[in-house]
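Chemist: This is work.cif (mmCIF, C-alpha atoms and all ligand atoms).
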```
data_coords
#
loop_
_atom_site.label_atom_id
_atom_site.label_comp_id
_atom_site.auth_asym_id
_atom_site.auth_seq_id
_atom_site.Cartn_x
_atom_site.Cartn_y
_atom_site.Cartn_z
CA MET D 1 -10.24 -6.13 -28.89
CA SER D 2 -7.73 -7.73 -26.53
CA LYS D 3 -7.84 -10.93 -24.51
CA VAL D 4 -7.15 -10.00 -20.86
CA ALA D 5 -7.10 -11.92 -17.57
CA VAL D 6 -7.92 -10.16 -14.32
CA LEU D 7 -6.52 -12.15 -11.39
CA GLY D 8 -8.28 -11.57 -8.08
CA ALA D 9 -12.07 -11.35 -7.79
CA GLY D 10 -12.40 -8.98 -4.85
CA SER D 11 -14.09 -5.61 -5.23
CA TRP D 12 -11.31 -3.96 -7.25
CA GLY D 13 -10.57 -6.89 -9.56
CA THR D 14 -14.27 -7.21 -10.34
CA ALA D 15 -14.68 -3.47 -11.00
CA LEU D 16 -11.64 -3.37 -13.30
CA ALA D 17 -12.88 -6.45 -15.16
CA MET D 18 -16.19 -4.64 -15.69
CA VAL D 19 -14.40 -1.61 -17.17
CA LEU D 20 -12.55 -3.90 -19.59
CA CYS D 21 -15.82 -5.63 -20.57
CA ASP D 22 -17.39 -2.23 -21.23
CA ASN D 23 -14.46 -1.51 -23.55
CA GLY D 24 -15.30 -4.60 -25.61
CA HIS D 25 -12.35 -6.78 -24.54
CA ASP D 26 -12.47 -10.55 -24.03
CA VAL D 27 -12.16 -10.58 -20.23
CA ARG D 28 -11.46 -13.50 -17.92
CA LEU D 29 -11.86 -12.91 -14.16
CA TRP D 30 -10.01 -15.46 -12.03
CA THR D 31 -10.82 -16.28 -8.43
CA HIS D 32 -8.78 -18.67 -6.29
CA ASN D 33 -12.00 -19.73 -4.63
CA LYS D 34 -13.91 -22.53 -6.40
CA GLU D 35 -17.11 -21.86 -4.49
CA GLN D 36 -17.00 -18.15 -5.37
CA LYS D 37 -16.56 -18.99 -9.06
CA HIS D 38 -19.65 -21.19 -8.95
CA VAL D 39 -21.77 -18.59 -7.12
CA MET D 40 -20.65 -15.78 -9.43
CA GLU D 41 -21.54 -17.83 -12.48
CA VAL D 42 -24.96 -18.81 -11.19
CA GLU D 43 -25.95 -15.44 -9.71
CA ARG D 44 -24.00 -13.20 -12.14
CA LYS D 45 -23.01 -11.14 -9.08
CA ASN D 46 -19.99 -10.87 -6.79
CA GLN D 47 -22.12 -11.39 -3.69
CA LYS D 48 -19.29 -10.96 -1.17
CA TYR D 49 -17.51 -7.89 -2.54
CA LEU D 50 -19.92 -5.93 -4.81
CA PRO D 51 -23.31 -7.38 -3.90
CA ASP D 52 -25.55 -4.86 -5.66
CA ILE D 53 -23.89 -4.98 -9.06
CA ALA D 54 -24.88 -7.23 -11.99
CA LEU D 55 -21.85 -8.66 -13.78
CA PRO D 56 -21.64 -8.08 -17.53
CA ALA D 57 -22.91 -11.03 -19.57
CA SER D 58 -19.61 -11.15 -21.46
CA LEU D 59 -17.46 -11.58 -18.32
CA ALA D 60 -16.06 -15.11 -18.08
CA ILE D 61 -15.27 -16.42 -14.58
CA TYR D 62 -12.46 -18.91 -13.99
CA ASN D 63 -11.05 -20.88 -11.10
CA ASP D 64 -8.45 -22.70 -13.20
CA LEU D 65 -5.51 -20.29 -13.57
CA SER D 66 -4.02 -22.01 -16.63
CA GLN D 67 -7.36 -21.70 -18.46
CA ALA D 68 -7.87 -18.08 -17.34
CA ILE D 69 -4.53 -16.92 -18.74
CA LYS D 70 -4.53 -19.06 -21.89
CA GLU D 71 -3.50 -16.93 -24.90
CA VAL D 72 -4.08 -13.58 -23.11
CA GLU D 73 -1.95 -10.59 -24.08
CA ALA D 74 -2.27 -8.84 -20.69
CA ILE D 75 -2.66 -9.91 -17.07
CA VAL D 76 -4.09 -7.54 -14.45
CA MET D 77 -3.11 -8.65 -10.94
CA VAL D 78 -5.50 -7.38 -8.27
CA VAL D 79 -4.87 -9.50 -5.20
CA PRO D 80 -3.89 -8.17 -1.75
CA THR D 81 -0.19 -7.32 -1.43
CA LYS D 82 0.41 -10.37 0.76
CA ALA D 83 -0.74 -12.66 -2.09
CA ILE D 84 1.36 -11.15 -4.90
CA ARG D 85 4.40 -13.44 -4.55
CA GLU D 86 2.29 -16.59 -4.34
CA LEU D 87 0.36 -15.55 -7.46
CA CYS D 88 3.59 -14.92 -9.41
CA LEU D 89 4.87 -18.38 -8.51
CA LYS D 90 1.63 -19.93 -9.71
CA LEU D 91 1.91 -17.95 -12.96
CA ASN D 92 5.45 -19.27 -13.56
CA ASP D 93 3.92 -22.76 -13.71
CA VAL D 94 1.19 -21.96 -16.21
CA LEU D 95 2.35 -19.12 -18.49
CA THR D 96 3.53 -20.14 -21.94
CA ASN D 97 3.80 -16.78 -23.73
CA LYS D 98 4.94 -13.24 -23.01
CA VAL D 99 2.29 -10.90 -21.53
CA VAL D 100 1.99 -7.31 -20.35
CA ILE D 101 1.83 -7.31 -16.55
CA ILE D 102 -0.45 -4.69 -15.00
CA HIS D 103 -1.30 -4.53 -11.30
CA GLY D 104 -3.91 -2.62 -9.30
CA SER D 105 -2.72 -3.45 -5.78
CA LYS D 106 -1.61 -0.86 -3.21
CA GLY D 107 0.78 -1.92 -0.51
CA ILE D 108 4.38 -2.27 0.70
CA GLU D 109 5.73 -5.58 1.96
CA PRO D 110 7.04 -5.65 5.55
CA ASN D 111 10.72 -6.59 6.00
CA SER D 112 11.70 -6.39 2.30
CA HIS D 113 10.00 -2.95 2.01
CA TYR D 114 9.31 -3.83 -1.61
CA ARG D 115 6.73 -2.13 -3.78
CA ILE D 116 4.38 -4.43 -5.74
CA SER D 117 6.35 -4.19 -9.00
CA GLU D 118 9.55 -5.05 -7.13
CA MET D 119 7.95 -8.20 -5.72
CA ILE D 120 6.68 -9.17 -9.16
CA LYS D 121 10.14 -8.68 -10.65
CA GLU D 122 11.66 -10.84 -7.94
CA GLU D 123 9.21 -13.74 -8.43
CA LEU D 124 7.93 -13.76 -12.01
CA ASP D 125 10.13 -15.46 -14.59
CA PRO D 126 11.43 -12.66 -16.87
CA VAL D 127 10.84 -14.75 -20.00
CA PHE D 128 7.12 -14.04 -19.56
CA TYR D 129 7.13 -10.22 -19.50
CA ASP D 130 9.20 -7.15 -20.27
CA ASN D 131 7.67 -4.45 -18.06
CA VAL D 132 5.29 -3.95 -15.17
CA VAL D 133 2.57 -1.28 -15.13
CA ALA D 134 0.92 0.06 -11.96
CA LEU D 135 -2.66 1.29 -12.33
CA SER D 136 -3.40 3.59 -9.41
CA GLY D 137 -5.38 6.67 -8.40
CA PRO D 138 -8.51 7.78 -6.55
CA SER D 139 -10.83 4.94 -7.52
CA HIS D 140 -13.20 3.09 -5.23
CA ALA D 141 -14.61 -0.08 -6.76
CA GLU D 142 -18.11 0.78 -5.54
CA GLU D 143 -18.13 3.92 -7.72
CA VAL D 144 -16.30 2.53 -10.76
CA SER D 145 -18.75 -0.40 -10.89
CA VAL D 146 -21.65 2.06 -11.30
CA LYS D 147 -19.67 4.03 -13.90
CA HIS D 148 -19.15 7.21 -11.86
CA PRO D 149 -16.44 9.42 -13.39
CA THR D 150 -13.02 8.22 -12.21
CA THR D 151 -9.43 9.12 -13.07
CA VAL D 152 -6.32 6.97 -12.60
CA THR D 153 -2.71 6.78 -13.73
CA ALA D 154 -0.99 3.95 -15.61
CA ALA D 155 2.66 4.09 -14.57
CA SER D 156 5.58 2.18 -16.01
CA GLU D 157 9.25 2.86 -16.63
CA ASP D 158 8.39 1.84 -20.18
CA GLU D 159 6.23 4.51 -21.80
CA GLN D 160 4.79 2.13 -24.41
CA SER D 161 3.50 -0.25 -21.75
CA ALA D 162 1.87 2.67 -19.90
CA VAL D 163 0.19 3.84 -23.13
CA TYR D 164 -0.92 0.25 -23.90
CA THR D 165 -2.60 0.11 -20.47
CA GLN D 166 -4.15 3.55 -20.97
CA ASP D 167 -5.67 2.36 -24.27
CA LEU D 168 -6.94 -0.86 -22.70
CA PHE D 169 -8.84 0.83 -19.87
CA ILE D 170 -9.75 4.36 -20.99
CA ASN D 171 -13.41 5.15 -21.67
CA PRO D 172 -15.79 8.06 -21.04
CA TYR D 173 -16.22 7.29 -17.31
CA PHE D 174 -12.73 5.87 -16.64
CA ARG D 175 -10.05 8.34 -17.68
CA VAL D 176 -6.47 7.06 -17.62
CA TYR D 177 -3.32 9.22 -17.63
CA THR D 178 0.19 7.86 -18.09
CA SER D 179 3.35 8.33 -16.06
CA GLN D 180 6.86 6.93 -16.08
CA ASP D 181 7.25 7.48 -12.32
CA ILE D 182 6.23 4.01 -11.12
CA ILE D 183 8.13 4.54 -7.86
CA GLY D 184 6.06 7.61 -7.00
CA VAL D 185 2.77 6.15 -8.21
CA GLU D 186 3.21 2.90 -6.25
CA LEU D 187 4.42 4.65 -3.10
CA GLY D 188 1.61 7.24 -3.26
CA GLY D 189 -1.03 4.51 -3.64
CA ALA D 190 0.37 2.42 -0.79
CA LEU D 191 1.31 5.09 1.76
CA LYS D 192 -2.01 6.95 1.58
CA ASN D 193 -3.56 3.87 3.22
CA ILE D 194 -1.62 4.66 6.41
CA ILE D 195 -2.87 8.24 6.47
CA ALA D 196 -6.44 7.05 5.76
CA LEU D 197 -6.24 4.85 8.86
CA GLY D 198 -5.25 8.05 10.70
CA ALA D 199 -8.17 10.02 9.21
CA GLY D 200 -10.54 7.26 10.32
CA ILE D 201 -9.03 7.27 13.80
CA SER D 202 -9.45 11.06 14.00
CA ASP D 203 -13.11 10.83 12.96
CA GLY D 204 -13.64 7.92 15.37
CA LEU D 205 -12.29 10.09 18.20
CA GLY D 206 -14.89 12.71 17.25
CA TYR D 207 -12.43 15.28 15.91
CA GLY D 208 -13.52 17.53 13.05
CA ASP D 209 -12.56 18.72 9.60
CA ASN D 210 -9.60 20.77 10.83
CA ALA D 211 -7.92 17.66 12.18
CA LYS D 212 -8.61 15.71 9.00
CA ALA D 213 -7.28 18.47 6.76
CA ALA D 214 -4.16 18.55 8.92
CA LEU D 215 -3.69 14.79 8.60
CA ILE D 216 -4.15 14.87 4.83
CA THR D 217 -1.73 17.76 4.38
CA ARG D 218 0.97 16.70 6.82
CA GLY D 219 0.45 13.11 5.65
CA LEU D 220 1.23 14.19 2.12
CA THR D 221 4.41 15.83 3.41
CA GLU D 222 5.48 12.53 4.97
CA ILE D 223 4.61 10.49 1.89
CA SER D 224 6.56 12.82 -0.42
CA ARG D 225 9.49 12.94 2.01
CA MET D 226 9.82 9.14 1.98
CA ALA D 227 9.07 8.75 -1.73
CA THR D 228 11.49 11.38 -3.01
CA LYS D 229 14.19 9.72 -0.91
CA LYS D 230 13.34 6.47 -2.73
CA GLY D 231 13.68 8.16 -6.13
CA ALA D 232 10.13 9.37 -6.90
CA ASN D 233 9.36 12.57 -8.80
CA PRO D 234 8.01 15.08 -6.21
CA LEU D 235 5.45 16.33 -8.77
CA THR D 236 3.73 12.93 -8.71
CA PHE D 237 2.39 13.84 -5.26
CA ILE D 238 0.31 16.74 -6.52
CA GLY D 239 -1.23 14.25 -8.95
CA LEU D 240 -3.88 11.52 -8.87
CA SER D 241 -1.84 8.90 -7.06
CA GLY D 242 -0.61 11.47 -4.53
CA VAL D 243 -3.04 14.04 -3.22
CA GLY D 244 -5.90 12.60 -5.34
CA ASP D 245 -5.87 9.16 -3.75
CA LEU D 246 -5.12 10.63 -0.35
CA ILE D 247 -8.26 12.78 -0.48
CA VAL D 248 -10.55 9.97 -1.61
CA THR D 249 -9.23 7.43 0.89
CA CYS D 250 -9.29 9.83 3.85
CA THR D 251 -12.78 11.14 3.15
CA SER D 252 -14.81 8.33 1.57
CA VAL D 253 -17.10 5.98 3.46
CA HIS D 254 -16.11 3.36 0.88
CA SER D 255 -12.54 3.33 2.13
CA ARG D 256 -11.67 0.15 4.00
CA ASN D 257 -8.69 1.87 5.61
CA TRP D 258 -10.78 4.81 6.80
CA ARG D 259 -13.44 2.45 8.14
CA ALA D 260 -10.88 0.34 10.01
CA GLY D 261 -9.31 3.50 11.47
CA ASN D 262 -12.73 4.80 12.47
CA MET D 263 -13.39 1.65 14.52
CA LEU D 264 -9.93 1.90 16.13
CA GLY D 265 -10.65 5.54 17.03
CA LYS D 266 -13.91 4.43 18.65
CA GLY D 267 -11.89 2.06 20.85
CA LEU D 268 -12.41 -1.34 19.20
CA PRO D 269 -9.44 -3.72 19.48
CA LEU D 270 -7.53 -4.35 16.24
CA GLN D 271 -8.56 -8.00 15.87
CA GLU D 272 -12.21 -7.11 16.28
CA VAL D 273 -11.82 -4.37 13.66
CA LEU D 274 -10.28 -6.78 11.15
CA ASP D 275 -12.92 -9.44 11.85
CA ASN D 276 -15.64 -6.83 11.26
CA MET D 277 -14.10 -5.67 7.99
CA GLY D 278 -13.77 -9.05 6.23
CA MET D 279 -11.99 -7.22 3.41
CA THR D 280 -8.44 -6.22 2.62
CA VAL D 281 -7.14 -3.37 4.82
CA GLU D 282 -3.75 -2.79 3.22
CA GLY D 283 -2.77 0.04 5.60
CA ILE D 284 -2.16 -2.35 8.50
CA ARG D 285 0.81 -4.21 6.96
CA THR D 286 1.96 -1.16 5.01
CA THR D 287 2.21 0.79 8.27
CA GLU D 288 4.55 -1.90 9.62
CA ALA D 289 6.64 -1.84 6.43
CA VAL D 290 6.92 1.93 6.19
CA TYR D 291 7.61 2.34 9.91
CA GLN D 292 10.53 -0.13 9.58
CA LEU D 293 11.83 1.71 6.53
CA ALA D 294 11.55 5.13 8.19
CA GLN D 295 13.49 3.84 11.22
CA GLU D 296 16.19 2.24 9.07
CA GLU D 297 16.64 5.24 6.79
CA LYS D 298 16.06 7.85 9.52
CA ILE D 299 13.19 9.53 7.68
CA GLU D 300 10.96 11.66 9.86
CA MET D 301 7.41 10.24 9.64
CA PRO D 302 5.58 11.23 12.83
CA ILE D 303 2.04 10.37 11.66
CA THR D 304 3.11 6.93 10.40
CA THR D 305 4.96 6.36 13.67
CA GLY D 306 1.87 7.36 15.67
CA ILE D 307 -0.38 5.01 13.69
CA HIS D 308 2.20 2.26 14.04
CA ASP D 309 2.13 2.76 17.80
CA VAL D 310 -1.67 2.54 17.92
CA ILE D 311 -1.69 -0.67 15.87
CA TYR D 312 1.41 -2.44 17.14
CA GLU D 313 2.28 -0.87 20.51
CA ARG D 314 -1.26 -0.54 21.88
CA ARG D 315 -0.92 3.20 22.50
CA THR D 316 -4.31 4.86 22.64
CA PRO D 317 -5.31 7.04 19.67
CA LYS D 318 -5.85 10.00 22.03
CA GLU D 319 -2.31 9.68 23.44
CA VAL D 320 -0.89 9.63 19.91
CA VAL D 321 -2.85 12.70 18.79
CA ASP D 322 -1.72 14.59 21.90
CA ALA D 323 1.89 13.62 21.22
CA LEU D 324 1.64 14.73 17.56
CA MET D 325 0.18 18.10 18.54
CA THR D 326 2.88 18.80 21.12
CA ARG D 327 5.94 17.80 19.09
CA THR D 328 8.85 20.21 19.01
CA LYS D 329 7.79 23.27 17.03
CA THR D 330 9.17 23.44 13.49
CA THR D 331 8.85 25.11 10.05
CA GLU D 332 6.20 23.88 7.64
CA VAL D 333 8.13 23.24 4.43
CA ASP D 334 11.09 20.84 4.29
CA ASP D 335 14.42 22.32 3.26
CA ILE D 336 15.01 20.35 0.03
CA SER D 337 18.41 21.93 -0.54
CA SER D 338 19.96 19.93 2.32
N1 LIG A 1 -11.39 -1.88 -3.39
C1 LIG A 1 -10.99 -0.80 -4.04
O1 LIG A 1 -11.79 0.13 -4.30
C2 LIG A 1 -9.58 -0.67 -4.45
C3 LIG A 1 -8.62 -1.59 -4.06
N2 LIG A 1 -7.34 -1.45 -4.49
C4 LIG A 1 -6.32 -2.42 -4.14
O2 LIG A 1 -6.61 -3.66 -4.78
C5 LIG A 1 -6.07 -4.75 -4.02
C6 LIG A 1 -7.18 -5.76 -3.81
O3 LIG A 1 -8.13 -5.13 -2.97
P1 LIG A 1 -9.68 -5.39 -2.98
O4 LIG A 1 -10.16 -5.90 -4.27
O5 LIG A 1 -10.31 -4.17 -2.42
O6 LIG A 1 -9.75 -6.52 -1.89
P2 LIG A 1 -10.97 -7.37 -1.43
O7 LIG A 1 -10.80 -7.58 0.01
O8 LIG A 1 -12.24 -6.78 -1.94
O9 LIG A 1 -10.73 -8.76 -2.21
C7 LIG A 1 -9.51 -9.44 -2.17
C8 LIG A 1 -9.61 -10.58 -3.17
O10 LIG A 1 -8.35 -11.22 -3.26
C9 LIG A 1 -8.58 -12.62 -3.05
N3 LIG A 1 -7.39 -13.24 -2.49
C10 LIG A 1 -6.94 -13.21 -1.21
N4 LIG A 1 -5.82 -13.93 -1.11
C11 LIG A 1 -5.57 -14.46 -2.33
C12 LIG A 1 -4.57 -15.32 -2.84
N5 LIG A 1 -3.60 -15.78 -2.07
N6 LIG A 1 -4.64 -15.65 -4.15
C13 LIG A 1 -5.61 -15.18 -4.93
N7 LIG A 1 -6.59 -14.37 -4.52
C14 LIG A 1 -6.56 -14.02 -3.22
C15 LIG A 1 -9.75 -12.67 -2.11
O11 LIG A 1 -10.33 -13.95 -2.12
P3 LIG A 1 -11.15 -14.50 -0.82
O12 LIG A 1 -12.51 -13.88 -0.87
O13 LIG A 1 -11.18 -15.97 -1.05
O14 LIG A 1 -10.38 -14.11 0.41
C16 LIG A 1 -10.64 -11.63 -2.76
O15 LIG A 1 -11.29 -12.13 -3.88
C17 LIG A 1 -5.54 -4.13 -2.72
O16 LIG A 1 -4.16 -3.99 -2.81
C18 LIG A 1 -6.23 -2.76 -2.66
O17 LIG A 1 -5.45 -1.79 -1.98
C19 LIG A 1 -6.95 -0.41 -5.31
C20 LIG A 1 -7.86 0.52 -5.72
C21 LIG A 1 -9.25 0.46 -5.33
O1 LIG A 2 -7.21 2.75 -3.00
C1 LIG A 2 -8.39 2.92 -2.85
C2 LIG A 2 -9.14 4.01 -3.50
O2 LIG A 2 -8.37 4.69 -4.44
C3 LIG A 2 -9.14 2.01 -1.95
O3 LIG A 2 -8.87 2.37 -0.65
P1 LIG A 2 -9.34 1.41 0.55
O4 LIG A 2 -8.53 0.15 0.40
O5 LIG A 2 -9.06 2.16 1.78
O6 LIG A 2 -10.80 1.13 0.34
#
```
Reformat the file's structure so that it appears as structure tokens.
Ligand SMILES: NC(=O)C1=CN([C@@H]2O[C@H](COP(=O)(O)OP(=O)(O)OC[C@H]3O[C@@H](n4cnc5c(N)ncnc54)[C@H](OP(=O)(O)O)[C@@H]3O)[C@@H](O)[C@H]2O)C=CC1
Ligand SMILES: O=C(CO)COP(=O)(O)O
Modeler:
Amino acid sequence: MSKVAVLGAGSWGTALAMVLCDNGHDVRLWTHNKEQKHVMEVERKNQKYLPDIALPASLAIYNDLSQAIKEVEAIVMVVPTKAIRELCLKLNDVLTNKVVIIHGSKGIEPNSHYRISEMIKEELDPVFYDNVVALSGPSHAEEVSVKHPTTVTAASEDEQSAVYTQDLFINPYFRVYTSQDIIGVELGGALKNIIALGAGISDGLGYGDNAKAALITRGLTEISRMATKKGANPLTFIGLSGVGDLIVTCTSVHSRNWRAGNMLGKGLPLQEVLDNMGMTVEGIRTTEAVYQLAQEEKIEMPITTGIHDVIYERRTPKEVVDALMTRTKTTEVDDISS
């Protein structure tokens, strides 16, 4: 049994904490919101993010970060990408021992273009950890919290840390593989959110399965093109954090990115979409980040560019689809020898 703190009590942090409780660990779920801590303790539910699910009796809820992380051997960070740096700075003030750092977040930071583990490494004092592990794959909180079969990948440059994370989380409904390609796993998990916005837009416009299959497939081409340029293993993209997460996020009603895209496709303005969601839609900021990176590094990413233009340039979804379909004709498979 291990003592573990899960930081971030949204839908994914809560679901991951439940998996760890099922595995018999001593689990502390931390929320930055005092009121939420109180309500969760009284109702034994996460009313805002997973309203239908009873929390395990053994799950301890904290609002005091120093108490939540006291004497833990692992910390699982599950806050939105925009909160990662702030959380690391808070941890620098309260950590007293070395821990394994695991994260379950999926995004890229605009301007720096950093992946989550890069942000953690920039902010978290290195005396408190040796390696970072990314836990990623096709895994909606709504399904994990009712123990539906789910598979994910624990990725770290350090194989031992990946195996440690695998052992911590694996159980008969939550199967964990390991990988040493953290670049590919983090980029796959973050960039699929952009394509899922596109799949939602396509459905919102009333287009069918052909269009969605095209988006998923050509989206995967774009993701692998960018990621291999950044040093990822191309084989990662036929795995769980590549095509696996892309399928689930583009096709599931649970997906926040798909749902946001769907509303955009139906013509709702962006601010209204975000107000309606009330939950993290990582694809919005990640689109900005990846669009910047593609421009800077001259990487061809037409779908990402189109979604960027819908979100940030107020082009209509229909205009963007028409432009994508009438691009200069080309071959399907990239020439990787050049
Ligand atoms: N939901 C899912 O199925 C999955 C999500 N993920 C990833 O997990 C990450 C978290 O997403 P998810 O749980 O869905 O998000 P939610 O929108 O469900 O919850 C976000 C949580 O983070 C909290 N939070 C926001 N800002 C801060 C901050 N500055 N410090 C501490 N906590 C903060 C929110 O608190 P408050 O309520 O006060 O705003 C809320 O509890 C994302 O990167 C997402 O892509 C990955 C796999 C599956
Ligand atoms: O990453 C996810 C599923 O694997 C969650 O996707 P959404 O944030 O779109 O809900």
Chemist: Residues near Leu270 (chain D), anyone? I mean within 9 Å using only C-alpha atoms, not counting same-chain ones fewer than 5 positions away, as an MDAnalysis selection string.
Modeler: chainID D and resid 260 263:264 275 311
Chemist: Residues contacting ligand LIG 1 (chain A) - anything with an atom at most 8 Å away, using all atoms listed in the file - can you give me those as a ChimeraX atom specification?
Modeler: /D:7-14,31-33,36,48-49,78-84,86-87,104-107,136-142,189-190,193,254-256,278-282
Chemist: Enter the distance from CA of Leu274 (chain D) to atom O3 of ligand LIG 2 (chain A), in Å, rounded to one decimal.
Modeler: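 CA of Leu274 (chain D) sits 15.0 Å away from atom O3 of ligand LIG 2 (chain A).
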Chemist: For Tyr129 (chain D), which residue among D:Lys98, D:Glu35, D:Gly219, D:Met77 is the nearest when counting only C-alpha atoms?
Modeler: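 Closest to Tyr129 (chain D) of all the choices is D:Lys98.
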Chemist: Give me the residues near Met40 (chain D) as an NGL selection string, where near means some atom within 12 Å (using all atoms listed in the file) and where sequence neighbours in that chain fewer than 3 positions away do not count.
Modeler: :D and (9-10 or 14 or 29-31 or 33-37 or 43-51 or 53-57 or 59-63)
Chemist: Can you work out which one of D:Glu186, D:Asp245, D:Asp309, D:Asp26 has the shortest atom-to-atom distance to ligand LIG 2 (chain A), counting only C-alpha atoms and all ligand atoms?
Modeler: D:Asp245
Chemist: One number please: CA of Val76 (chain D) to CA of Ile101 (chain D), in Å, one decimal.
Modeler: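 Distance between the two atoms: 6.3 Å.
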Chemist: Counting only C-alpha atoms and all ligand atoms, which of D:Gln180, D:Thr151, D:Asn210, D:Ser161 gets nearest to ligand LIG 2 (chain A)?
Modeler: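 For ligand LIG 2 (chain A), the nearest of the candidates is D:Thr151.
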Chemist: Ranking D:Tyr291, D:Thr165, D:Arg315, D:Asp334 by minimum distance to Pro110 (chain D) and counting all atoms listed in the file, which one comes first?
Modeler: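 Answer, going by the shortest atom-to-atom distance: D:Tyr291.
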Chemist: Work out how far CA of Met301 (chain D) is from CA of Met325 (chain D), in Å to one decimal.
Modeler: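 So the two atoms, CA of Met325 (chain D) and CA of Met301 (chain D), lie 13.9 Å apart.
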Chemist: Mind giving me the axis-aligned box for ligand LIG 2 (chain A) with 4 Å on every side, centre plus edges in Å to one decimal, as lines of an AutoDock Vina configuration file?
Modeler:
```
center_x = -9.0
center_y = 2.4
center_z = -1.3
size_x = 11.6
size_y = 12.5
size_z = 14.2
```
Chemist: Restricting the calculation to all atoms listed in the file, which member of D:His38, D:Lys192, D:Lys298, D:His25 is positioned closest to ligand LIG 2 (chain A)?
Modeler: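 When distances to ligand LIG 2 (chain A) are compared using all atoms listed in the file, the smallest one comes from D:Lys192.
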Chemist: Which residue is closest to ligand LIG 2 (chain A)? Choose from D:Lys318, D:Arg259, D:Lys266, D:Arg85 and count only C-alpha atoms and all ligand atoms.
Modeler: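 Smallest distance to ligand LIG 2 (chain A) is found for D:Arg259.
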Chemist: Any idea what's packed within 12 Å of Asp22 (chain D), counting all atoms listed in the file, ignoring anything in its chain fewer than 4 positions away? Could you give it as a PDB file with C-alpha atoms, in the frame of the given file?
Modeler:
```pdb
ATOM      1  CA  MET D   1     -10.240  -6.130 -28.890  1.00  0.00           C
ATOM      2  CA  ALA D  15     -14.680  -3.470 -11.000  1.00  0.00           C
ATOM      3  CA  LEU D  16     -11.640  -3.370 -13.300  1.00  0.00           C
ATOM      4  CA  ALA D  17     -12.880  -6.450 -15.160  1.00  0.00           C
ATOM      5  CA  MET D  18     -16.190  -4.640 -15.690  1.00  0.00           C
ATOM      6  CA  ASP D  26     -12.470 -10.550 -24.030  1.00  0.00           C
ATOM      7  CA  VAL D  27     -12.160 -10.580 -20.230  1.00  0.00           C
ATOM      8  CA  LEU D  55     -21.850  -8.660 -13.780  1.00  0.00           C
ATOM      9  CA  PRO D  56     -21.640  -8.080 -17.530  1.00  0.00           C
ATOM     10  CA  ALA D  57     -22.910 -11.030 -19.570  1.00  0.00           C
ATOM     11  CA  SER D  58     -19.610 -11.150 -21.460  1.00  0.00           C
ATOM     12  CA  LEU D  59     -17.460 -11.580 -18.320  1.00  0.00           C
ATOM     13  CA  VAL D 144     -16.300   2.530 -10.760  1.00  0.00           C
ATOM     14  CA  SER D 145     -18.750  -0.400 -10.890  1.00  0.00           C
ATOM     15  CA  VAL D 146     -21.650   2.060 -11.300  1.00  0.00           C
ATOM     16  CA  LYS D 147     -19.670   4.030 -13.900  1.00  0.00           C
ATOM     17  CA  LEU D 168      -6.940  -0.860 -22.700  1.00  0.00           C
ATOM     18  CA  PHE D 169      -8.840   0.830 -19.870  1.00  0.00           C
ATOM     19  CA  ILE D 170      -9.750   4.360 -20.990  1.00  0.00           C
ATOM     20  CA  ASN D 171     -13.410   5.150 -21.670  1.00  0.00           C
ATOM     21  CA  PRO D 172     -15.790   8.060 -21.040  1.00  0.00           C
ATOM     22  CA  TYR D 173     -16.220   7.290 -17.310  1.00  0.00           C
ATOM     23  CA  PHE D 174     -12.730   5.870 -16.640  1.00  0.00           C
TER      24      PHE D 174
END
```
Chemist: Set the distance at 9 Å and use only C-alpha atoms: which residues neighbour Glu300 (chain D) once local chain neighbours fewer than 2 positions away are removed? I'd like the list as a list of chain:residue names.
Modeler: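 My reading of the contact set: D:Glu222, D:Arg225, D:Met226, D:Ala294, D:Gln295, D:Lys298, D:Pro302, D:Thr305.
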Chemist: Excluding same-chain residues fewer than 2 positions from Val99 (chain D), what lies within 10 Å of it counting all atoms listed in the file, as a ChimeraX atom specification?
Modeler: /D:4,69,71-75,95-97,101-102,127-132
Chemist: Output as a compact mmCIF listing (two decimals), in the frame of the given file: region 41-47 of chain D, completed with N, CA and C atoms.
Modeler:
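Below you can see selection-v2.txt, which holds the result:
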```txt
# COMPACT_ATOMS: atom_id res chain seq x y z
N GLU D 41 -21.00 -17.39 -11.20
CA GLU D 41 -21.54 -17.83 -12.48
C GLU D 41 -23.04 -18.01 -12.43
N VAL D 42 -23.53 -18.56 -11.31
CA VAL D 42 -24.96 -18.81 -11.19
C VAL D 42 -25.73 -17.50 -10.99
N GLU D 43 -25.21 -16.66 -10.07
CA GLU D 43 -25.95 -15.44 -9.71
C GLU D 43 -25.62 -14.25 -10.59
N ARG D 44 -24.52 -14.33 -11.35
CA ARG D 44 -24.00 -13.20 -12.14
C ARG D 44 -23.81 -11.97 -11.24
N LYS D 45 -23.33 -12.21 -10.05
CA LYS D 45 -23.01 -11.14 -9.08
C LYS D 45 -21.79 -11.55 -8.29
N ASN D 46 -21.04 -10.56 -7.76
CA ASN D 46 -19.99 -10.87 -6.79
C ASN D 46 -20.58 -10.57 -5.41
N GLN D 47 -21.31 -11.57 -4.90
CA GLN D 47 -22.12 -11.39 -3.69
C GLN D 47 -21.31 -10.86 -2.51
```
